[in-house]
Amino acid sequence: MLAINLPSAAVDGLRDAVSVPACVYALAATGLNLQFGFAGLMNFGHVASAMVGAYGTGIAVHEGLPLWLGILIGIAAGALLGLALGLPTLRLRADYLAIVTISTAEILRVVINSARLQSVTGGPIGITGIAKSFYSVNPLADGRYGIGSWSFNQNTLWTMIVGWTLVVLASLLVYRITRSPWGRMLKAIREDEEAARSLGKNVFGAKLQSLVLGSTIGALAGVIFVFDGGFVKPEFYVSQVTFNWYLVVILGGIGTVFGPALGSIVYWFAISVFNSLLTQAIGNRSFWFIDGTDTGAIRFVVVGLAVILLLVFRPQGILGDRQEALVRDR
Amino acid sequence: MTADGSDPTTSPLLSAMGVERSFGGVVAVSVDHLEVERGSIVALIGPNGAGKTTLFNVLTGFERADAGTWRFEGDELTGRPAHVIARAGMVRTFQTARVFPRLSVLDNVRMGSGGQRGERLATSVFPWTWRQQDRELAERAAELVEWVGLGAKRGDYAGTLSGGQRKLLELARAVMSAPRLLMLDEPMAGVNPALRQALLEKITELPSQGISVLFVEHDMDVVSAISDVVVCMSEGHVIAVGTPAEVAAQDAVVEAYLGRSHEDLRGRDPTEPLEES
């Protein structure tokens, strides 16, 4: 009765695993990992950094500035957001940062979404036609690239190339700075702030650096997301996305260098394969408990289950060190 | 010479005046005067709740002082943040050892050293600017790991150590920071009795390395064995200062620990309530 085509599901998975959203997640999770994985900062509003990155670019272009300047503005907005969040909260206990960041992300999204600001932010509709000059410098000829249904048009592929290059560069940067005494200090601060302070380490300064750098990388993720279609919309930046990024970080391995990128690839592959299988199985039929429109929601239920199993059986994620993950805190 | 004209080589290493700290209505610390001479080992004793740890916290910037000033090496450190005080050379350990559990034993000790070029974000990206220094510091750290007898554990995560081993690790890490004054909060707590003698010897070695010591301890045998000066606190006040023998002989000290002698209560009407002391 169930006609399931496994190869086609696998192709769907492989396509999404390298897609622009996977690349955006990889970049954003790399920034989040720098904050949460290395410095232990509970940033529950990381999606806001991508949002200000995307909207900084979008609004600048909408106001007539060139795209390259818009990108710089978007990235600077991410850095400023990190600074604005960190300065008042990093001296407080860790949970305050979590509360402030998630609230800030929601407030920013609601403000951007509001009708009153429609002339600036586009309100719920967003801003379109931002990335034209990005596509105009696309060296690829028009057409589809790839094999069979694992293929992309020239603009998507161009965005993917630029995006994944940035993922690699960001990962290499994280590699360099975390395998240095600065990285060691950041981990020490994550482990015990007071002890780090007792040894003369400027805990506040190091946490602020990590927050700002993570937010800047998050803003870069937002910029890449703009290139995927050339528009921004507030609905992309709901708080749930932050938690998806947490999932990606945990999946890849908290505090590892290449974990977030790998985690994102695996996350998108798994989600896509599962979605494809479920859609094939249900088709346009309807059962008392499920019909074709539910598959999008169900896949997140399964993802949640997968994370629970992961934390039980492989708490270190894909690339993490099991010994390290199981060390007692005190 | 320092700003106020005193000579830093003859003035005390640490001198605190009128340091006060209270929590709600409870006066935790009210110390009129406290000094630590260069090259000395000073023991801070007193019953539980006497304010010893709070005094540590206040002097090292971990807690705000309500009043008072203190100078270290002739520099006013009153109200400075903890990391600034530590960089000035006043480094403390904690009553319950605080190690970095997910860092190796060696890396824990490496964290002790200040002035690491690679700890600046801007230079961390250029390994050639800090690699040589980092290697030298790692060697020094390895020596200190050996010094406290944790050589066999140097690659293990600090989180796998026992409480006593963590105390030793904390000591090595604090010494790594090359302090002028090492403030040890109950360094013997939880340390295996077999290791205590070795640890005592290590502490007595410190002044010859230019490290003065101020330590909190309950064991009077330990205090008598290694300290030059004993400061006894009770209910936030310093009630006695002197050599171990002098302090042990003072009635106020005995009273603080054991309560008032029954001698004082003789001839009193048993129905009459005791006056508050």
# chains A, B, ... in the order shown; residues from 1 in each chain; ligands from 1
call {"tool": "closest_atom_pairs", "arguments": {"of": "chain B", "to": "chain A", "cutoff": "9 Å", "atoms": "only C-alpha atoms", "output": "JSON lines"}}
result
{"residue": "B:Thr60", "atom": "CA", "partner": "A:Ser198", "partner_atom": "CA", "distance": 8.0}
{"residue": "B:Phe62", "atom": "CA", "partner": "A:Glu194", "partner_atom": "CA", "distance": 8.3}
{"residue": "B:Pro81", "atom": "CA", "partner": "A:Arg197", "partner_atom": "CA", "distance": 9.0}
{"residue": "B:Ala82", "atom": "CA", "partner": "A:Arg197", "partner_atom": "CA", "distance": 6.1}
{"residue": "B:His83", "atom": "CA", "partner": "A:Gly200", "partner_atom": "CA", "distance": 3.9}
{"residue": "B:Val84", "atom": "CA", "partner": "A:Gly200", "partner_atom": "CA", "distance": 6.2}
{"residue": "B:Ile85", "atom": "CA", "partner": "A:Gly200", "partner_atom": "CA", "distance": 7.3}
{"residue": "B:Ala86", "atom": "CA", "partner": "A:Gly200", "partner_atom": "CA", "distance": 4.7}
{"residue": "B:Arg87", "atom": "CA", "partner": "A:Gly200", "partner_atom": "CA", "distance": 4.9}
{"residue": "B:Ala88", "atom": "CA", "partner": "A:Gly200", "partner_atom": "CA", "distance": 8.5}
{"residue": "B:Gly89", "atom": "CA", "partner": "A:Gly200", "partner_atom": "CA", "distance": 8.9}
{"residue": "B:Met90", "atom": "CA", "partner": "A:Ser198", "partner_atom": "CA", "distance": 8.9}
{"residue": "B:Val91", "atom": "CA", "partner": "A:Ser198", "partner_atom": "CA", "distance": 6.3}
{"residue": "B:Arg92", "atom": "CA", "partner": "A:Ser198", "partner_atom": "CA", "distance": 6.3}
{"residue": "B:Thr93", "atom": "CA", "partner": "A:Ser198", "partner_atom": "CA", "distance": 7.5}
{"residue": "B:Phe94", "atom": "CA", "partner": "A:Ala195", "partner_atom": "CA", "distance": 8.4}
{"residue": "B:Arg98", "atom": "CA", "partner": "A:Ala195", "partner_atom": "CA", "distance": 5.9}
{"residue": "B:Val99", "atom": "CA", "partner": "A:Ala195", "partner_atom": "CA", "distance": 7.0}
{"residue": "B:Phe100", "atom": "CA", "partner": "A:Glu191", "partner_atom": "CA", "distance": 5.1}
{"residue": "B:Pro101", "atom": "CA", "partner": "A:Asp329", "partner_atom": "CA", "distance": 6.1}
{"residue": "B:Arg102", "atom": "CA", "partner": "A:Glu324", "partner_atom": "CA", "distance": 6.0}
{"residue": "B:Leu103", "atom": "CA", "partner": "A:Ala188", "partner_atom": "CA", "distance": 7.2}
{"residue": "B:Asp107", "atom": "CA", "partner": "A:Arg184", "partner_atom": "CA", "distance": 7.8}
{"residue": "B:Asn108", "atom": "CA", "partner": "A:Ala188", "partner_atom": "CA", "distance": 7.9}
{"residue": "B:Arg110", "atom": "CA", "partner": "A:Pro181", "partner_atom": "CA", "distance": 9.0}
{"residue": "B:Met111", "atom": "CA", "partner": "A:Met185", "partner_atom": "CA", "distance": 6.8}
{"residue": "B:Gly112", "atom": "CA", "partner": "A:Leu199", "partner_atom": "CA", "distance": 5.7}
{"residue": "B:Ser113", "atom": "CA", "partner": "A:Leu199", "partner_atom": "CA", "distance": 7.6}
{"residue": "B:Gly114", "atom": "CA", "partner": "A:Gly200", "partner_atom": "CA", "distance": 6.8}
{"residue": "B:Gln116", "atom": "CA", "partner": "A:Pro181", "partner_atom": "CA", "distance": 7.3}
{"residue": "B:Arg117", "atom": "CA", "partner": "A:Pro181", "partner_atom": "CA", "distance": 8.0}
{"residue": "B:Gly118", "atom": "CA", "partner": "A:Pro181", "partner_atom": "CA", "distance": 4.9}
{"residue": "B:Glu119", "atom": "CA", "partner": "A:Trp182", "partner_atom": "CA", "distance": 3.9}
{"residue": "B:Arg120", "atom": "CA", "partner": "A:Trp182", "partner_atom": "CA", "distance": 6.1}
{"residue": "B:Leu121", "atom": "CA", "partner": "A:Trp182", "partner_atom": "CA", "distance": 6.1}
{"residue": "B:Ala122", "atom": "CA", "partner": "A:Ile177", "partner_atom": "CA", "distance": 9.0}
{"residue": "B:Thr123", "atom": "CA", "partner": "A:Ile177", "partner_atom": "CA", "distance": 8.9}
{"residue": "B:Ser124", "atom": "CA", "partner": "A:Ile177", "partner_atom": "CA", "distance": 5.5}
{"residue": "B:Val125", "atom": "CA", "partner": "A:Ile177", "partner_atom": "CA", "distance": 5.5}
{"residue": "B:Phe126", "atom": "CA", "partner": "A:Arg176", "partner_atom": "CA", "distance": 8.1}
{"residue": "B:Pro127", "atom": "CA", "partner": "A:Ser180", "partner_atom": "CA", "distance": 7.3}
{"residue": "B:Trp130", "atom": "CA", "partner": "A:Pro181", "partner_atom": "CA", "distance": 8.5}
{"residue": "B:Arg131", "atom": "CA", "partner": "A:Ser180", "partner_atom": "CA", "distance": 8.7}
{"residue": "B:Asp134", "atom": "CA", "partner": "A:Pro181", "partner_atom": "CA", "distance": 7.7}
{"residue": "B:Tyr157", "atom": "CA", "partner": "A:Glu324", "partner_atom": "CA", "distance": 7.4}
{"residue": "B:Ala158", "atom": "CA", "partner": "A:Val327", "partner_atom": "CA", "distance": 8.6}
{"residue": "B:Gly159", "atom": "CA", "partner": "A:Val327", "partner_atom": "CA", "distance": 5.6}
{"residue": "B:Thr160", "atom": "CA", "partner": "A:Val327", "partner_atom": "CA", "distance": 6.7}
{"residue": "B:Arg173", "atom": "CA", "partner": "A:Leu199", "partner_atom": "CA", "distance": 8.4}
{"residue": "B:Ala174", "atom": "CA", "partner": "A:Leu199", "partner_atom": "CA", "distance": 7.1}
{"residue": "B:Ser177", "atom": "CA", "partner": "A:Leu199", "partner_atom": "CA", "distance": 6.7}
call {"tool": "write_last_selection", "arguments": {"atoms": "C-alpha atoms", "output": "PDB file, in the first residue's frame"}}
result
ATOM      1  CA  THR B  60      40.462  40.318  46.663  1.00  0.00           C
ATOM      2  CA  PHE B  62      35.114  39.347  45.078  1.00  0.00           C
ATOM      3  CA  PRO B  81      37.705  44.614  40.403  1.00  0.00           C
ATOM      4  CA  ALA B  82      38.882  41.105  41.267  1.00  0.00           C
ATOM      5  CA  HIS B  83      40.945  40.564  38.134  1.00  0.00           C
ATOM      6  CA  VAL B  84      42.817  43.841  38.632  1.00  0.00           C
ATOM      7  CA  ILE B  85      43.663  42.889  42.221  1.00  0.00           C
ATOM      8  CA  ALA B  86      44.857  39.473  41.057  1.00  0.00           C
ATOM      9  CA  ARG B  87      47.053  41.079  38.391  1.00  0.00           C
ATOM     10  CA  ALA B  88      48.540  43.342  41.051  1.00  0.00           C
ATOM     11  CA  GLY B  89      49.873  40.172  42.684  1.00  0.00           C
ATOM     12  CA  MET B  90      47.259  39.304  45.292  1.00  0.00           C
ATOM     13  CA  VAL B  91      45.923  35.894  44.313  1.00  0.00           C
ATOM     14  CA  ARG B  92      43.473  33.836  46.324  1.00  0.00           C
ATOM     15  CA  THR B  93      42.232  30.284  46.346  1.00  0.00           C
ATOM     16  CA  PHE B  94      38.819  29.133  47.464  1.00  0.00           C
ATOM     17  CA  ARG B  98      37.453  25.838  42.088  1.00  0.00           C
ATOM     18  CA  VAL B  99      39.129  24.105  39.179  1.00  0.00           C
ATOM     19  CA  PHE B 100      38.203  24.154  35.496  1.00  0.00           C
ATOM     20  CA  PRO B 101      36.670  20.652  35.216  1.00  0.00           C
ATOM     21  CA  ARG B 102      36.771  20.357  31.420  1.00  0.00           C
ATOM     22  CA  LEU B 103      40.340  21.556  31.107  1.00  0.00           C
ATOM     23  CA  ASP B 107      45.834  23.483  31.154  1.00  0.00           C
ATOM     24  CA  ASN B 108      44.365  24.425  34.532  1.00  0.00           C
ATOM     25  CA  ARG B 110      48.631  27.173  32.465  1.00  0.00           C
ATOM     26  CA  MET B 111      45.612  29.377  33.105  1.00  0.00           C
ATOM     27  CA  GLY B 112      47.457  30.741  36.113  1.00  0.00           C
ATOM     28  CA  SER B 113      50.002  32.801  34.258  1.00  0.00           C
ATOM     29  CA  GLY B 114      49.215  36.394  33.511  1.00  0.00           C
ATOM     30  CA  GLN B 116      49.962  35.770  28.009  1.00  0.00           C
ATOM     31  CA  ARG B 117      50.221  37.353  24.574  1.00  0.00           C
ATOM     32  CA  GLY B 118      47.933  34.725  23.074  1.00  0.00           C
ATOM     33  CA  GLU B 119      45.149  35.633  25.481  1.00  0.00           C
ATOM     34  CA  ARG B 120      44.494  38.771  23.476  1.00  0.00           C
ATOM     35  CA  LEU B 121      41.911  38.106  20.787  1.00  0.00           C
ATOM     36  CA  ALA B 122      43.734  40.246  18.244  1.00  0.00           C
ATOM     37  CA  THR B 123      47.016  38.338  18.586  1.00  0.00           C
ATOM     38  CA  SER B 124      45.465  34.900  19.155  1.00  0.00           C
ATOM     39  CA  VAL B 125      44.984  34.632  15.382  1.00  0.00           C
ATOM     40  CA  PHE B 126      48.737  34.842  14.815  1.00  0.00           C
ATOM     41  CA  PRO B 127      50.223  31.805  16.595  1.00  0.00           C
ATOM     42  CA  TRP B 130      52.645  33.675  21.222  1.00  0.00           C
ATOM     43  CA  ARG B 131      53.766  30.108  20.537  1.00  0.00           C
ATOM     44  CA  ASP B 134      53.108  29.512  25.476  1.00  0.00           C
ATOM     45  CA  TYR B 157      40.417  16.461  32.996  1.00  0.00           C
ATOM     46  CA  ALA B 158      40.501  18.315  36.299  1.00  0.00           C
ATOM     47  CA  GLY B 159      36.895  17.245  36.826  1.00  0.00           C
ATOM     48  CA  THR B 160      38.112  13.699  37.445  1.00  0.00           C
ATOM     49  CA  ARG B 173      47.640  27.206  39.557  1.00  0.00           C
ATOM     50  CA  ALA B 174      47.820  30.080  42.020  1.00  0.00           C
ATOM     51  CA  SER B 177      50.360  33.263  38.566  1.00  0.00           C
TER      52      SER B 177
END
call {"tool": "select_by_dssp", "arguments": {"residues": "range 11-112 of chain A", "states": "alpha helix (DSSP H)", "output": "VMD selection string"}}
result
chain A and resid 11 to 17 20 to 32 47 to 62 67 to 89 94 to 112
call {"tool": "write_last_selection", "arguments": {"atoms": "C-alpha atoms", "output": "short mmCIF file (atom, residue, chain, number, x, y, z; two decimals), in the first residue's frame"}}
result
data_model
loop_
_atom_site.label_atom_id
_atom_site.label_comp_id
_atom_site.auth_asym_id
_atom_site.auth_seq_id
_atom_site.Cartn_x
_atom_site.Cartn_y
_atom_site.Cartn_z
CA VAL A 11 18.34 12.78 -3.08
CA ASP A 12 15.99 15.20 -1.32
CA GLY A 13 18.15 14.85 1.76
CA LEU A 14 21.39 15.43 -0.09
CA ARG A 15 19.96 18.48 -1.81
CA ASP A 16 18.85 20.10 1.43
CA ALA A 17 22.09 19.13 3.19
CA VAL A 20 21.43 27.71 1.31
CA PRO A 21 19.35 27.21 4.50
CA ALA A 22 21.84 24.53 5.63
CA CYS A 23 24.64 26.98 4.94
CA VAL A 24 22.84 29.73 6.89
CA TYR A 25 22.34 27.32 9.80
CA ALA A 26 25.99 26.28 9.66
CA LEU A 27 27.18 29.86 9.83
CA ALA A 28 24.74 30.89 12.54
CA ALA A 29 25.52 27.80 14.61
CA THR A 30 29.24 28.51 14.28
CA GLY A 31 28.63 31.91 15.85
CA LEU A 32 26.37 30.45 18.54
CA VAL A 47 18.30 34.60 15.74
CA ALA A 48 18.25 38.37 16.30
CA SER A 49 21.82 38.64 15.03
CA ALA A 50 20.81 37.07 11.71
CA MET A 51 17.71 39.26 11.69
CA VAL A 52 19.63 42.53 12.09
CA GLY A 53 22.17 41.28 9.55
CA ALA A 54 19.45 40.59 7.00
CA TYR A 55 17.40 43.69 7.75
CA GLY A 56 20.47 45.92 7.94
CA THR A 57 21.30 44.83 4.43
CA GLY A 58 17.70 44.91 3.25
CA ILE A 59 16.82 48.36 4.57
CA ALA A 60 20.09 49.85 3.32
CA VAL A 61 19.50 48.54 -0.21
CA HIS A 62 15.84 49.54 -0.05
CA LEU A 67 24.54 46.17 -1.79
CA TRP A 68 28.16 45.93 -0.62
CA LEU A 69 27.57 48.84 1.76
CA GLY A 70 24.33 47.23 2.88
CA ILE A 71 26.20 44.03 3.72
CA LEU A 72 28.73 45.97 5.78
CA ILE A 73 25.87 47.72 7.59
CA GLY A 74 24.20 44.37 8.26
CA ILE A 75 27.38 42.88 9.69
CA ALA A 76 28.04 45.97 11.77
CA ALA A 77 24.48 45.76 13.08
CA GLY A 78 25.22 42.23 14.28
CA ALA A 79 28.34 43.40 16.11
CA LEU A 80 26.44 46.30 17.65
CA LEU A 81 23.66 43.97 18.77
CA GLY A 82 26.23 41.80 20.54
CA LEU A 83 27.69 44.86 22.22
CA ALA A 84 24.27 46.20 23.23
CA LEU A 85 23.23 42.84 24.68
CA GLY A 86 26.53 42.17 26.41
CA LEU A 87 27.37 45.48 28.04
CA PRO A 88 24.44 45.54 30.46
CA THR A 89 24.07 41.80 31.07
CA ALA A 94 24.20 33.72 33.24
CA ASP A 95 20.42 33.26 33.34
CA TYR A 96 19.88 37.00 32.93
CA LEU A 97 21.64 36.89 29.59
CA ALA A 98 19.27 34.13 28.49
CA ILE A 99 16.20 36.14 29.47
CA VAL A 100 17.44 39.41 27.99
CA THR A 101 18.53 37.86 24.70
CA ILE A 102 15.32 35.95 24.03
CA SER A 103 13.26 39.03 24.90
CA THR A 104 15.36 41.27 22.69
CA ALA A 105 15.00 38.90 19.76
CA GLU A 106 11.22 38.82 20.14
CA ILE A 107 10.93 42.59 20.65
CA LEU A 108 13.02 43.27 17.55
CA ARG A 109 10.95 40.86 15.47
CA VAL A 110 7.65 42.34 16.64
CA VAL A 111 8.89 45.87 15.98
CA ILE A 112 10.10 44.95 12.50
#
call {"tool": "select_by_dssp", "arguments": {"residues": "range 123-204 of chain A", "states": "strand (DSSP E or B)", "output": "number ranges by chain"}}
result
A: 127, 144-147, 150-153
call {"tool": "residues_around", "arguments": {"residues": "range 233-247 of chain B", "least_positions_apart": "2", "cutoff": "7 Å", "atoms": "only C-alpha atoms", "output": "ChimeraX atom specification"}}
result
/B:27-31,45-47,49-51,224,228-231,249-250,252-253,256
call {"tool": "write_last_selection", "arguments": {"atoms": "N, CA and C atoms", "output": "PDB file, in the first residue's frame"}}
result
ATOM      1  N   VAL B  27      27.096  42.191  61.044  1.00  0.00           N
ATOM      2  CA  VAL B  27      28.432  42.644  60.687  1.00  0.00           C
ATOM      3  C   VAL B  27      29.308  41.417  60.466  1.00  0.00           C
ATOM      4  N   ALA B  28      29.697  41.184  59.217  1.00  0.00           N
ATOM      5  CA  ALA B  28      30.505  39.997  58.911  1.00  0.00           C
ATOM      6  C   ALA B  28      31.983  40.289  59.140  1.00  0.00           C
ATOM      7  N   VAL B  29      32.400  41.481  58.740  1.00  0.00           N
ATOM      8  CA  VAL B  29      33.806  41.855  58.885  1.00  0.00           C
ATOM      9  C   VAL B  29      33.878  43.291  59.376  1.00  0.00           C
ATOM     10  N   SER B  30      34.686  43.511  60.397  1.00  0.00           N
ATOM     11  CA  SER B  30      34.963  44.860  60.856  1.00  0.00           C
ATOM     12  C   SER B  30      36.395  44.854  61.388  1.00  0.00           C
ATOM     13  N   VAL B  31      37.324  44.994  60.465  1.00  0.00           N
ATOM     14  CA  VAL B  31      38.742  44.851  60.808  1.00  0.00           C
ATOM     15  C   VAL B  31      39.387  46.235  60.826  1.00  0.00           C
ATOM     16  N   ILE B  45      43.081  32.744  61.789  1.00  0.00           N
ATOM     17  CA  ILE B  45      42.278  31.728  62.462  1.00  0.00           C
ATOM     18  C   ILE B  45      41.030  32.368  63.065  1.00  0.00           C
ATOM     19  N   GLY B  46      40.185  31.533  63.574  1.00  0.00           N
ATOM     20  CA  GLY B  46      38.956  32.021  64.187  1.00  0.00           C
ATOM     21  C   GLY B  46      37.864  31.006  63.994  1.00  0.00           C
ATOM     22  N   PRO B  47      36.868  31.022  64.895  1.00  0.00           N
ATOM     23  CA  PRO B  47      35.790  30.035  64.790  1.00  0.00           C
ATOM     24  C   PRO B  47      34.984  30.209  63.502  1.00  0.00           C
ATOM     25  N   GLY B  49      32.316  31.272  60.988  1.00  0.00           N
ATOM     26  CA  GLY B  49      31.496  32.469  60.971  1.00  0.00           C
ATOM     27  C   GLY B  49      32.218  33.698  61.509  1.00  0.00           C
ATOM     28  N   ALA B  50      33.528  33.600  61.695  1.00  0.00           N
ATOM     29  CA  ALA B  50      34.280  34.734  62.238  1.00  0.00           C
ATOM     30  C   ALA B  50      34.504  35.821  61.181  1.00  0.00           C
ATOM     31  N   GLY B  51      34.284  35.487  59.920  1.00  0.00           N
ATOM     32  CA  GLY B  51      34.445  36.487  58.864  1.00  0.00           C
ATOM     33  C   GLY B  51      35.731  36.350  58.079  1.00  0.00           C
ATOM     34  N   SER B 224      50.663  26.434  64.038  1.00  0.00           N
ATOM     35  CA  SER B 224      51.888  26.608  64.826  1.00  0.00           C
ATOM     36  C   SER B 224      53.111  26.191  64.031  1.00  0.00           C
ATOM     37  N   ASP B 228      54.466  32.542  60.814  1.00  0.00           N
ATOM     38  CA  ASP B 228      55.263  33.511  61.563  1.00  0.00           C
ATOM     39  C   ASP B 228      54.352  34.334  62.455  1.00  0.00           C
ATOM     40  N   VAL B 229      53.190  34.663  61.914  1.00  0.00           N
ATOM     41  CA  VAL B 229      52.256  35.514  62.634  1.00  0.00           C
ATOM     42  C   VAL B 229      50.880  34.863  62.565  1.00  0.00           C
ATOM     43  N   VAL B 230      50.135  34.953  63.650  1.00  0.00           N
ATOM     44  CA  VAL B 230      48.769  34.449  63.658  1.00  0.00           C
ATOM     45  C   VAL B 230      47.834  35.617  63.937  1.00  0.00           C
ATOM     46  N   VAL B 231      46.798  35.708  63.122  1.00  0.00           N
ATOM     47  CA  VAL B 231      45.765  36.710  63.345  1.00  0.00           C
ATOM     48  C   VAL B 231      44.499  35.952  63.687  1.00  0.00           C
ATOM     49  N   ALA B 249      47.995  31.723  73.798  1.00  0.00           N
ATOM     50  CA  ALA B 249      47.945  31.955  75.239  1.00  0.00           C
ATOM     51  C   ALA B 249      46.891  32.986  75.628  1.00  0.00           C
ATOM     52  N   GLN B 250      46.342  33.678  74.653  1.00  0.00           N
ATOM     53  CA  GLN B 250      45.412  34.756  75.003  1.00  0.00           C
ATOM     54  C   GLN B 250      44.024  34.234  75.337  1.00  0.00           C
ATOM     55  N   ALA B 252      41.212  35.724  75.183  1.00  0.00           N
ATOM     56  CA  ALA B 252      40.181  36.102  74.207  1.00  0.00           C
ATOM     57  C   ALA B 252      40.080  35.059  73.098  1.00  0.00           C
ATOM     58  N   VAL B 253      41.228  34.484  72.739  1.00  0.00           N
ATOM     59  CA  VAL B 253      41.243  33.495  71.661  1.00  0.00           C
ATOM     60  C   VAL B 253      40.592  32.204  72.125  1.00  0.00           C
ATOM     61  N   ALA B 256      36.966  32.722  72.305  1.00  0.00           N
ATOM     62  CA  ALA B 256      36.299  32.776  71.001  1.00  0.00           C
ATOM     63  C   ALA B 256      36.028  31.370  70.480  1.00  0.00           C
TER      64      ALA B 256
END
call {"tool": "closest_residue", "arguments": {"among": "A:Gly64, A:Gly45, A:Gly214, A:Gly317", "to": "Ala170 in chain A", "atoms": "only C-alpha atoms"}}
result
A:Gly214
call {"tool": "residues_around", "arguments": {"residues": "Leu247 in chain A", "least_positions_apart": "5", "cutoff": "9 Å", "atoms": "only C-alpha atoms", "output": "PyMOL selection string"}}
result
chain A and resi 29+242+252+263-264+267+304+307
call {"tool": "atom_distance", "arguments": {"atom1": "CA of Gly18 in chain B", "atom2": "CA of Ile41 in chain B"}}
result
22.1 Å
call {"tool": "atom_distance", "arguments": {"atom1": "CA of Ser212 in chain B", "atom2": "CA of Gln133 in chain B"}}
result
26.1 Å
call {"tool": "atom_distance", "arguments": {"atom1": "CA of Arg322 in chain A", "atom2": "CA of Leu34 in chain A"}}
result
19.5 Å
call {"tool": "decode", "arguments": {"residues": "range 23-35 of chain B", "atoms": "N, CA and C atoms", "output": "PDB file, in the first residue's frame"}}
result
ATOM      1  N   PHE B  23      26.090  42.102  56.144  1.00  0.00           N
ATOM      2  CA  PHE B  23      24.996  41.545  55.342  1.00  0.00           C
ATOM      3  C   PHE B  23      23.717  41.809  56.111  1.00  0.00           C
ATOM      4  N   GLY B  24      22.860  42.668  55.587  1.00  0.00           N
ATOM      5  CA  GLY B  24      21.688  43.069  56.341  1.00  0.00           C
ATOM      6  C   GLY B  24      22.191  43.726  57.612  1.00  0.00           C
ATOM      7  N   GLY B  25      21.736  43.273  58.765  1.00  0.00           N
ATOM      8  CA  GLY B  25      22.192  43.875  60.016  1.00  0.00           C
ATOM      9  C   GLY B  25      23.403  43.174  60.602  1.00  0.00           C
ATOM     10  N   VAL B  26      23.834  42.096  59.988  1.00  0.00           N
ATOM     11  CA  VAL B  26      24.907  41.302  60.572  1.00  0.00           C
ATOM     12  C   VAL B  26      26.269  41.818  60.093  1.00  0.00           C
ATOM     13  N   VAL B  27      27.096  42.191  61.044  1.00  0.00           N
ATOM     14  CA  VAL B  27      28.432  42.644  60.687  1.00  0.00           C
ATOM     15  C   VAL B  27      29.308  41.417  60.466  1.00  0.00           C
ATOM     16  N   ALA B  28      29.697  41.184  59.217  1.00  0.00           N
ATOM     17  CA  ALA B  28      30.505  39.997  58.911  1.00  0.00           C
ATOM     18  C   ALA B  28      31.983  40.289  59.140  1.00  0.00           C
ATOM     19  N   VAL B  29      32.400  41.481  58.740  1.00  0.00           N
ATOM     20  CA  VAL B  29      33.806  41.855  58.885  1.00  0.00           C
ATOM     21  C   VAL B  29      33.878  43.291  59.376  1.00  0.00           C
ATOM     22  N   SER B  30      34.686  43.511  60.397  1.00  0.00           N
ATOM     23  CA  SER B  30      34.963  44.860  60.856  1.00  0.00           C
ATOM     24  C   SER B  30      36.395  44.854  61.388  1.00  0.00           C
ATOM     25  N   VAL B  31      37.324  44.994  60.465  1.00  0.00           N
ATOM     26  CA  VAL B  31      38.742  44.851  60.808  1.00  0.00           C
ATOM     27  C   VAL B  31      39.387  46.235  60.826  1.00  0.00           C
ATOM     28  N   ASP B  32      39.845  46.656  62.034  1.00  0.00           N
ATOM     29  CA  ASP B  32      40.452  47.983  62.150  1.00  0.00           C
ATOM     30  C   ASP B  32      41.795  48.039  61.432  1.00  0.00           C
ATOM     31  N   HIS B  33      42.571  46.963  61.624  1.00  0.00           N
ATOM     32  CA  HIS B  33      43.918  47.017  61.066  1.00  0.00           C
ATOM     33  C   HIS B  33      44.429  45.604  60.816  1.00  0.00           C
ATOM     34  N   LEU B  34      45.029  45.405  59.642  1.00  0.00           N
ATOM     35  CA  LEU B  34      45.610  44.106  59.337  1.00  0.00           C
ATOM     36  C   LEU B  34      46.820  44.336  58.440  1.00  0.00           C
ATOM     37  N   GLU B  35      47.916  43.685  58.789  1.00  0.00           N
ATOM     38  CA  GLU B  35      49.117  43.851  57.974  1.00  0.00           C
ATOM     39  C   GLU B  35      49.727  42.496  57.660  1.00  0.00           C
TER      40      GLU B  35
END
